[in-house]
file work.cif (mmCIF, N, CA and C atoms)
data_my_file
loop_
_atom_site.label_atom_id
_atom_site.label_comp_id
_atom_site.auth_asym_id
_atom_site.auth_seq_id
_atom_site.Cartn_x
_atom_site.Cartn_y
_atom_site.Cartn_z
N MET A 25 19.89 -12.33 5.55
CA MET A 25 19.82 -13.73 5.20
C MET A 25 18.52 -13.99 4.46
N SER A 26 18.60 -14.60 3.34
CA SER A 26 17.41 -14.89 2.53
C SER A 26 17.10 -16.36 2.62
N THR A 27 15.89 -16.67 3.04
CA THR A 27 15.45 -18.05 3.12
C THR A 27 14.40 -18.26 2.05
N VAL A 28 14.81 -18.81 0.91
CA VAL A 28 13.88 -19.13 -0.16
C VAL A 28 13.89 -20.64 -0.32
N LEU A 29 12.74 -21.22 -0.18
CA LEU A 29 12.62 -22.68 -0.20
C LEU A 29 11.99 -23.11 -1.51
N SER A 30 12.35 -24.29 -1.94
CA SER A 30 11.75 -24.86 -3.14
C SER A 30 10.25 -24.99 -2.94
N GLU A 31 9.52 -24.79 -4.02
CA GLU A 31 8.06 -24.88 -3.98
C GLU A 31 7.59 -26.25 -3.52
N HIS A 32 8.42 -27.27 -3.75
CA HIS A 32 8.01 -28.62 -3.41
C HIS A 32 8.65 -29.15 -2.14
N ALA A 33 9.61 -28.44 -1.60
CA ALA A 33 10.28 -28.90 -0.38
C ALA A 33 9.34 -28.73 0.81
N PRO A 34 9.34 -29.69 1.72
CA PRO A 34 8.53 -29.53 2.92
C PRO A 34 9.03 -28.33 3.72
N LEU A 35 8.14 -27.63 4.32
CA LEU A 35 8.46 -26.45 5.11
C LEU A 35 8.52 -26.86 6.57
N SER A 36 9.70 -26.81 7.16
CA SER A 36 9.82 -27.19 8.57
C SER A 36 9.22 -26.10 9.45
N PRO A 37 8.80 -26.44 10.65
CA PRO A 37 8.28 -25.41 11.56
C PRO A 37 9.30 -24.29 11.83
N ALA A 38 10.58 -24.64 11.97
CA ALA A 38 11.59 -23.61 12.23
C ALA A 38 11.71 -22.67 11.03
N ASP A 39 11.74 -23.22 9.81
CA ASP A 39 11.80 -22.38 8.62
C ASP A 39 10.56 -21.50 8.51
N PHE A 40 9.40 -22.10 8.75
CA PHE A 40 8.15 -21.34 8.71
C PHE A 40 8.18 -20.19 9.71
N CYS A 41 8.59 -20.47 10.94
CA CYS A 41 8.61 -19.44 11.98
C CYS A 41 9.62 -18.34 11.65
N ARG A 42 10.74 -18.72 11.07
CA ARG A 42 11.73 -17.73 10.63
C ARG A 42 11.11 -16.80 9.59
N LEU A 43 10.38 -17.38 8.64
CA LEU A 43 9.71 -16.57 7.62
C LEU A 43 8.61 -15.70 8.24
N LEU A 44 7.85 -16.28 9.15
CA LEU A 44 6.74 -15.54 9.76
C LEU A 44 7.22 -14.38 10.62
N LEU A 45 8.40 -14.49 11.19
CA LEU A 45 8.95 -13.38 11.98
C LEU A 45 9.03 -12.10 11.15
N ARG A 46 9.29 -12.23 9.86
CA ARG A 46 9.37 -11.05 8.99
C ARG A 46 8.04 -10.31 8.89
N THR A 47 6.93 -11.05 8.99
CA THR A 47 5.63 -10.40 8.87
C THR A 47 5.33 -9.50 10.06
N LEU A 48 6.00 -9.74 11.17
CA LEU A 48 5.74 -8.93 12.36
C LEU A 48 6.19 -7.48 12.18
N GLU A 49 7.16 -7.24 11.30
CA GLU A 49 7.59 -5.87 11.04
C GLU A 49 6.43 -5.04 10.47
N ALA A 50 5.70 -5.62 9.52
CA ALA A 50 4.55 -4.92 8.95
C ALA A 50 3.46 -4.73 9.99
N SER A 51 3.20 -5.75 10.78
CA SER A 51 2.18 -5.64 11.83
C SER A 51 2.55 -4.54 12.81
N ASP A 52 3.82 -4.47 13.17
CA ASP A 52 4.26 -3.45 14.10
C ASP A 52 4.17 -2.06 13.46
N GLY A 53 4.46 -1.97 12.16
CA GLY A 53 4.33 -0.69 11.46
C GLY A 53 2.89 -0.18 11.47
N ARG A 54 1.95 -1.08 11.21
CA ARG A 54 0.52 -0.69 11.27
C ARG A 54 0.14 -0.27 12.68
N ARG A 55 0.62 -1.02 13.67
CA ARG A 55 0.28 -0.72 15.06
C ARG A 55 0.77 0.66 15.46
N ARG A 56 1.99 1.02 15.07
CA ARG A 56 2.55 2.32 15.47
C ARG A 56 1.81 3.49 14.85
N ARG A 57 1.18 3.29 13.69
CA ARG A 57 0.47 4.39 13.03
C ARG A 57 -0.96 4.57 13.53
N ARG A 58 -1.47 3.65 14.30
CA ARG A 58 -2.85 3.78 14.78
C ARG A 58 -2.98 4.93 15.76
N LYS A 59 -4.13 5.54 15.76
CA LYS A 59 -4.40 6.69 16.62
C LYS A 59 -4.82 6.29 18.04
N ARG A 60 -5.17 5.04 18.23
CA ARG A 60 -5.63 4.58 19.54
C ARG A 60 -4.46 4.00 20.34
N ASN A 61 -4.72 3.67 21.59
CA ASN A 61 -3.73 3.02 22.45
C ASN A 61 -3.48 1.62 21.90
N THR A 62 -2.26 1.34 21.51
CA THR A 62 -1.94 0.03 20.91
C THR A 62 -1.13 -0.86 21.85
N THR A 63 -1.15 -0.57 23.12
CA THR A 63 -0.41 -1.39 24.08
C THR A 63 -0.84 -2.86 24.01
N PRO A 64 -2.14 -3.17 23.97
CA PRO A 64 -2.53 -4.59 23.87
C PRO A 64 -1.99 -5.24 22.60
N ASP A 65 -1.98 -4.50 21.49
CA ASP A 65 -1.44 -5.05 20.25
C ASP A 65 0.05 -5.37 20.40
N ALA A 66 0.79 -4.45 21.03
CA ALA A 66 2.22 -4.65 21.23
C ALA A 66 2.48 -5.87 22.11
N ILE A 67 1.65 -6.06 23.11
CA ILE A 67 1.81 -7.22 24.00
C ILE A 67 1.58 -8.51 23.21
N GLY A 68 0.53 -8.55 22.41
CA GLY A 68 0.24 -9.74 21.59
C GLY A 68 1.35 -10.01 20.59
N LEU A 69 1.85 -8.97 19.93
CA LEU A 69 2.94 -9.17 18.97
C LEU A 69 4.20 -9.65 19.68
N GLY A 70 4.43 -9.17 20.88
CA GLY A 70 5.59 -9.63 21.67
C GLY A 70 5.46 -11.10 22.01
N MET A 71 4.26 -11.53 22.40
CA MET A 71 4.03 -12.95 22.70
C MET A 71 4.27 -13.81 21.46
N LYS A 72 3.75 -13.33 20.33
CA LYS A 72 3.90 -14.09 19.09
C LYS A 72 5.38 -14.16 18.69
N ARG A 73 6.07 -13.02 18.76
CA ARG A 73 7.50 -12.99 18.43
C ARG A 73 8.28 -13.97 19.31
N SER A 74 7.99 -13.97 20.59
CA SER A 74 8.68 -14.86 21.51
C SER A 74 8.47 -16.33 21.15
N LEU A 75 7.23 -16.71 20.85
CA LEU A 75 6.94 -18.09 20.45
C LEU A 75 7.66 -18.45 19.15
N LEU A 76 7.64 -17.54 18.19
CA LEU A 76 8.29 -17.81 16.91
C LEU A 76 9.80 -17.97 17.09
N GLU A 77 10.40 -17.11 17.89
CA GLU A 77 11.84 -17.19 18.14
C GLU A 77 12.20 -18.50 18.84
N ARG A 78 11.37 -18.91 19.80
CA ARG A 78 11.61 -20.19 20.49
C ARG A 78 11.50 -21.36 19.52
N ALA A 79 10.51 -21.30 18.63
CA ALA A 79 10.35 -22.38 17.66
C ALA A 79 11.54 -22.46 16.71
N VAL A 80 12.07 -21.32 16.31
CA VAL A 80 13.26 -21.31 15.46
C VAL A 80 14.42 -21.96 16.21
N GLU A 81 14.59 -21.57 17.46
CA GLU A 81 15.69 -22.08 18.28
C GLU A 81 15.55 -23.58 18.58
N GLU A 82 14.35 -23.99 18.97
CA GLU A 82 14.14 -25.38 19.40
C GLU A 82 13.85 -26.33 18.24
N ALA A 83 13.44 -25.79 17.10
CA ALA A 83 13.21 -26.56 15.87
C ALA A 83 12.40 -27.84 16.06
N PRO A 84 11.15 -27.72 16.50
CA PRO A 84 10.32 -28.93 16.61
C PRO A 84 10.09 -29.55 15.23
N THR A 85 9.85 -30.83 15.21
CA THR A 85 9.57 -31.51 13.94
C THR A 85 8.16 -31.15 13.46
N VAL A 86 7.90 -31.46 12.21
CA VAL A 86 6.57 -31.23 11.64
C VAL A 86 5.52 -31.95 12.49
N GLU A 87 5.80 -33.20 12.81
CA GLU A 87 4.85 -34.01 13.57
C GLU A 87 4.64 -33.49 14.99
N ALA A 88 5.64 -32.86 15.55
CA ALA A 88 5.57 -32.40 16.94
C ALA A 88 5.15 -30.95 17.09
N PHE A 89 5.01 -30.21 15.99
CA PHE A 89 4.82 -28.76 16.08
C PHE A 89 3.56 -28.36 16.84
N GLU A 90 2.44 -28.97 16.55
CA GLU A 90 1.19 -28.63 17.23
C GLU A 90 1.32 -28.88 18.74
N GLY A 91 1.86 -30.01 19.11
CA GLY A 91 2.08 -30.32 20.52
C GLY A 91 3.10 -29.40 21.16
N TRP A 92 4.12 -29.01 20.39
CA TRP A 92 5.12 -28.08 20.89
C TRP A 92 4.47 -26.74 21.23
N LEU A 93 3.60 -26.25 20.33
CA LEU A 93 2.90 -24.98 20.58
C LEU A 93 2.05 -25.08 21.84
N LEU A 94 1.35 -26.18 22.00
CA LEU A 94 0.52 -26.38 23.19
C LEU A 94 1.37 -26.40 24.44
N ALA A 95 2.44 -27.18 24.42
CA ALA A 95 3.32 -27.27 25.59
C ALA A 95 3.98 -25.94 25.91
N ALA A 96 4.33 -25.18 24.88
CA ALA A 96 5.00 -23.90 25.08
C ALA A 96 4.10 -22.87 25.75
N THR A 97 2.80 -23.08 25.68
CA THR A 97 1.87 -22.09 26.23
C THR A 97 1.00 -22.65 27.36
N MET A 98 1.24 -23.86 27.78
CA MET A 98 0.43 -24.50 28.82
C MET A 98 0.36 -23.68 30.11
N ALA A 99 1.47 -23.14 30.54
CA ALA A 99 1.52 -22.40 31.80
C ALA A 99 1.26 -20.90 31.59
N GLU A 100 0.94 -20.51 30.37
CA GLU A 100 0.75 -19.09 30.04
C GLU A 100 -0.71 -18.69 30.16
N GLU A 101 -0.92 -17.40 30.09
CA GLU A 101 -2.28 -16.85 30.07
C GLU A 101 -2.92 -17.08 28.71
N GLY A 102 -4.17 -16.71 28.58
CA GLY A 102 -4.93 -16.90 27.35
C GLY A 102 -4.34 -16.22 26.14
N GLY A 103 -3.70 -15.07 26.32
CA GLY A 103 -3.12 -14.35 25.18
C GLY A 103 -2.05 -15.16 24.47
N ALA A 104 -1.19 -15.81 25.22
CA ALA A 104 -0.13 -16.64 24.63
C ALA A 104 -0.73 -17.83 23.89
N ARG A 105 -1.77 -18.42 24.47
CA ARG A 105 -2.42 -19.55 23.79
C ARG A 105 -3.10 -19.08 22.51
N ALA A 106 -3.67 -17.88 22.53
CA ALA A 106 -4.29 -17.33 21.32
C ALA A 106 -3.24 -17.11 20.23
N MET A 107 -2.06 -16.65 20.62
CA MET A 107 -0.99 -16.45 19.64
C MET A 107 -0.51 -17.79 19.10
N ALA A 108 -0.47 -18.83 19.94
CA ALA A 108 -0.09 -20.17 19.49
C ALA A 108 -1.10 -20.68 18.47
N ARG A 109 -2.39 -20.45 18.72
CA ARG A 109 -3.43 -20.87 17.76
C ARG A 109 -3.26 -20.11 16.44
N ASP A 110 -2.95 -18.83 16.54
CA ASP A 110 -2.73 -18.00 15.36
C ASP A 110 -1.55 -18.54 14.53
N ILE A 111 -0.46 -18.86 15.21
CA ILE A 111 0.72 -19.42 14.54
C ILE A 111 0.36 -20.75 13.88
N HIS A 112 -0.38 -21.59 14.60
CA HIS A 112 -0.77 -22.88 14.03
C HIS A 112 -1.65 -22.70 12.80
N ASP A 113 -2.59 -21.77 12.85
CA ASP A 113 -3.45 -21.52 11.69
C ASP A 113 -2.62 -21.04 10.50
N GLU A 114 -1.66 -20.15 10.75
CA GLU A 114 -0.81 -19.66 9.66
C GLU A 114 0.10 -20.78 9.13
N TRP A 115 0.54 -21.66 10.01
CA TRP A 115 1.34 -22.82 9.61
C TRP A 115 0.52 -23.70 8.65
N GLN A 116 -0.74 -23.97 9.01
CA GLN A 116 -1.61 -24.77 8.16
C GLN A 116 -1.82 -24.08 6.81
N MET A 117 -2.01 -22.78 6.83
CA MET A 117 -2.20 -22.04 5.58
C MET A 117 -0.95 -22.13 4.70
N ALA A 118 0.23 -22.02 5.31
CA ALA A 118 1.48 -22.11 4.54
C ALA A 118 1.63 -23.49 3.90
N GLN A 119 1.10 -24.52 4.56
CA GLN A 119 1.18 -25.88 4.02
C GLN A 119 0.19 -26.09 2.88
N GLN A 120 -0.94 -25.38 2.92
CA GLN A 120 -2.02 -25.64 1.97
C GLN A 120 -2.23 -24.56 0.92
N ALA A 121 -1.66 -23.37 1.11
CA ALA A 121 -1.89 -22.26 0.17
C ALA A 121 -0.55 -21.82 -0.43
N PRO A 122 -0.25 -22.29 -1.64
CA PRO A 122 1.02 -21.94 -2.26
C PRO A 122 1.26 -20.43 -2.36
N ALA A 123 0.23 -19.65 -2.57
CA ALA A 123 0.41 -18.19 -2.69
C ALA A 123 0.87 -17.59 -1.36
N PHE A 124 0.32 -18.06 -0.24
CA PHE A 124 0.73 -17.56 1.07
C PHE A 124 2.18 -17.93 1.34
N ARG A 125 2.54 -19.17 1.06
CA ARG A 125 3.92 -19.61 1.27
C ARG A 125 4.87 -18.80 0.39
N ALA A 126 4.51 -18.58 -0.86
CA ALA A 126 5.36 -17.81 -1.77
C ALA A 126 5.54 -16.39 -1.26
N TRP A 127 4.48 -15.78 -0.72
CA TRP A 127 4.57 -14.43 -0.16
C TRP A 127 5.54 -14.41 1.02
N LEU A 128 5.44 -15.41 1.89
CA LEU A 128 6.38 -15.51 3.01
C LEU A 128 7.81 -15.64 2.51
N GLU A 129 8.01 -16.48 1.52
CA GLU A 129 9.36 -16.73 0.99
C GLU A 129 9.93 -15.50 0.28
N ARG A 130 9.06 -14.63 -0.23
CA ARG A 130 9.53 -13.38 -0.85
C ARG A 130 9.89 -12.34 0.20
N GLY A 131 9.76 -12.68 1.45
CA GLY A 131 10.08 -11.74 2.52
C GLY A 131 8.87 -11.01 3.06
N ALA A 132 7.68 -11.51 2.77
CA ALA A 132 6.43 -10.92 3.26
C ALA A 132 6.36 -9.43 2.94
N PRO A 133 6.51 -9.07 1.66
CA PRO A 133 6.50 -7.64 1.30
C PRO A 133 5.18 -6.98 1.69
N SER A 134 5.29 -5.78 2.25
CA SER A 134 4.12 -5.03 2.69
C SER A 134 4.42 -3.55 2.69
N ASP A 135 3.46 -2.75 2.31
CA ASP A 135 3.61 -1.30 2.39
C ASP A 135 3.66 -0.84 3.84
N ASP A 136 3.23 -1.69 4.76
CA ASP A 136 3.22 -1.33 6.19
C ASP A 136 4.55 -1.58 6.87
N ALA A 137 5.44 -2.33 6.25
CA ALA A 137 6.74 -2.62 6.87
C ALA A 137 7.52 -1.32 7.02
N GLY A 138 8.23 -1.21 8.10
CA GLY A 138 9.02 -0.02 8.36
C GLY A 138 8.26 1.08 9.06
N GLY A 139 6.95 0.98 9.11
CA GLY A 139 6.16 1.91 9.90
C GLY A 139 5.87 3.24 9.24
N GLU A 140 6.43 3.52 8.07
CA GLU A 140 6.19 4.80 7.44
C GLU A 140 5.61 4.65 6.02
N GLY A 141 4.90 3.56 5.80
CA GLY A 141 4.20 3.39 4.54
C GLY A 141 5.00 2.74 3.44
N GLY A 142 6.08 2.07 3.76
CA GLY A 142 6.83 1.35 2.73
C GLY A 142 8.13 0.84 3.24
N SER A 143 8.68 -0.12 2.53
CA SER A 143 9.98 -0.66 2.92
C SER A 143 10.92 -0.60 1.77
#
call {"tool": "encode", "arguments": {"input": "work.cif", "output": "C-alpha cells"}}
result
Amino acid sequence: MSTVLSEHAPLSPADFCRLLLRTLEASDGRRRRRKRNTTPDAIGLGMKRSLLERAVEEAPTVEAFEGWLLAATMAEEGGARAMARDIHDEWQMAQQAPAFRAWLERGAPSDDAGGEGGS
C-alpha cells in the first residue's frame, strides 16, 4: 500500500504514524548489524512500533495528538515516554520540514532497510 500525500494536504497523526512505521525497518536493519548487544535498542523500537500502531488504529486528531501520546504512556515506564517524545518531535519535523515529509512519503528509502545493506 502506497501512502503518498499532497504536499499541501494536512498530515494526520494516523497517516504520519503509518509513514513513520516504515522507517523502523531501516532502524532494525542497523540494529541487527551492530556488533554489540542490541537488546535495549530492540526494546525501544518495539515500544515505538507499538505506539505508532496504536496511533494508526485509534487515529487521534491533530489537536489531540500530543495529549494522546501523553495519555498512551502515562502508566508506562520512562522508555515508553521517551519514545512518545521522539514520535512527537518527528511529527513536528514532518509538519515543518518539507524534505523530511517528502522522504517519509517516498517510503523512507534507506540503505539500512532489509538489514543487509539495501532494499
call {"tool": "residues_around", "arguments": {"input": "work.cif", "residues": "range 110-121 of chain A", "least_positions_apart": "5", "cutoff": "7 Å", "atoms": "all atoms listed in the file", "output": "ChimeraX atom specification"}}
result
/A:90,105,126
call {"tool": "closest_atom_pairs", "arguments": {"input": "work.cif", "of": "range 59-85 of chain A", "to": "range 36-52 of chain A", "cutoff": "7 Å", "atoms": "only N, CA and C atoms", "output": "JSON lines"}}
result
{"residue": "A:Arg73", "atom": "CA", "partner": "A:Leu45", "partner_atom": "CA", "distance": 6.6}
{"residue": "A:Leu76", "atom": "CA", "partner": "A:Cys41", "partner_atom": "CA", "distance": 5.2}
{"residue": "A:Glu77", "atom": "N", "partner": "A:Cys41", "partner_atom": "C", "distance": 6.4}
{"residue": "A:Ala79", "atom": "C", "partner": "A:Ala38", "partner_atom": "CA", "distance": 4.6}
{"residue": "A:Val80", "atom": "CA", "partner": "A:Ala38", "partner_atom": "CA", "distance": 4.3}
{"residue": "A:Glu81", "atom": "N", "partner": "A:Ala38", "partner_atom": "CA", "distance": 6.4}
{"residue": "A:Glu82", "atom": "C", "partner": "A:Ala38", "partner_atom": "CA", "distance": 7.0}
{"residue": "A:Ala83", "atom": "CA", "partner": "A:Ala38", "partner_atom": "CA", "distance": 5.0}
{"residue": "A:Pro84", "atom": "N", "partner": "A:Ala38", "partner_atom": "N", "distance": 5.5}
{"residue": "A:Thr85", "atom": "C", "partner": "A:Pro37", "partner_atom": "N", "distance": 5.5}
call {"tool": "write_last_selection", "arguments": {"input": "work.cif", "atoms": "N, CA and C atoms", "output": "compact mmCIF listing (two decimals), keeping the file's coordinate frame"}}
result
# COMPACT_ATOMS: atom_id res chain seq x y z
N ARG A 73 6.07 -13.02 18.76
CA ARG A 73 7.50 -12.99 18.43
C ARG A 73 8.28 -13.97 19.31
N LEU A 76 7.64 -17.54 18.19
CA LEU A 76 8.29 -17.81 16.91
C LEU A 76 9.80 -17.97 17.09
N GLU A 77 10.40 -17.11 17.89
CA GLU A 77 11.84 -17.19 18.14
C GLU A 77 12.20 -18.50 18.84
N ALA A 79 10.51 -21.30 18.63
CA ALA A 79 10.35 -22.38 17.66
C ALA A 79 11.54 -22.46 16.71
N VAL A 80 12.07 -21.32 16.31
CA VAL A 80 13.26 -21.31 15.46
C VAL A 80 14.42 -21.96 16.21
N GLU A 81 14.59 -21.57 17.46
CA GLU A 81 15.69 -22.08 18.28
C GLU A 81 15.55 -23.58 18.58
N GLU A 82 14.35 -23.99 18.97
CA GLU A 82 14.14 -25.38 19.40
C GLU A 82 13.85 -26.33 18.24
N ALA A 83 13.44 -25.79 17.10
CA ALA A 83 13.21 -26.56 15.87
C ALA A 83 12.40 -27.84 16.06
N PRO A 84 11.15 -27.72 16.50
CA PRO A 84 10.32 -28.93 16.61
C PRO A 84 10.09 -29.55 15.23
N THR A 85 9.85 -30.83 15.21
CA THR A 85 9.57 -31.51 13.94
C THR A 85 8.16 -31.15 13.46
call {"tool": "atom_distance", "arguments": {"input": "work.cif", "atom1": "atom N of Thr63 in chain A", "atom2": "atom N of Ala104 in chain A"}}
result
15.4 Å
call {"tool": "closest_residue", "arguments": {"input": "work.cif", "among": "A:Val86, A:Ala106, A:Ala99, A:Leu93", "to": "Lys72 in chain A", "atoms": "all atoms listed in the file"}}
result
A:Ala106
call {"tool": "closest_residue", "arguments": {"input": "work.cif", "among": "A:Leu75, A:Leu35, A:Ala88, A:Ala66", "to": "Glu129 in chain A", "atoms": "only C-alpha atoms"}}
result
A:Leu35
call {"tool": "atom_distance", "arguments": {"input": "work.cif", "atom1": "atom N of Leu128 in chain A", "atom2": "atom C of Pro34 in chain A"}}
result
13.5 Å
call {"tool": "select_by_dssp", "arguments": {"input": "work.cif", "residues": "range 30-117 of chain A", "states": "alpha helix (DSSP H)", "output": "MDAnalysis selection string"}}
result
chainID A and resid 37:57 63:82 89:97 102:117
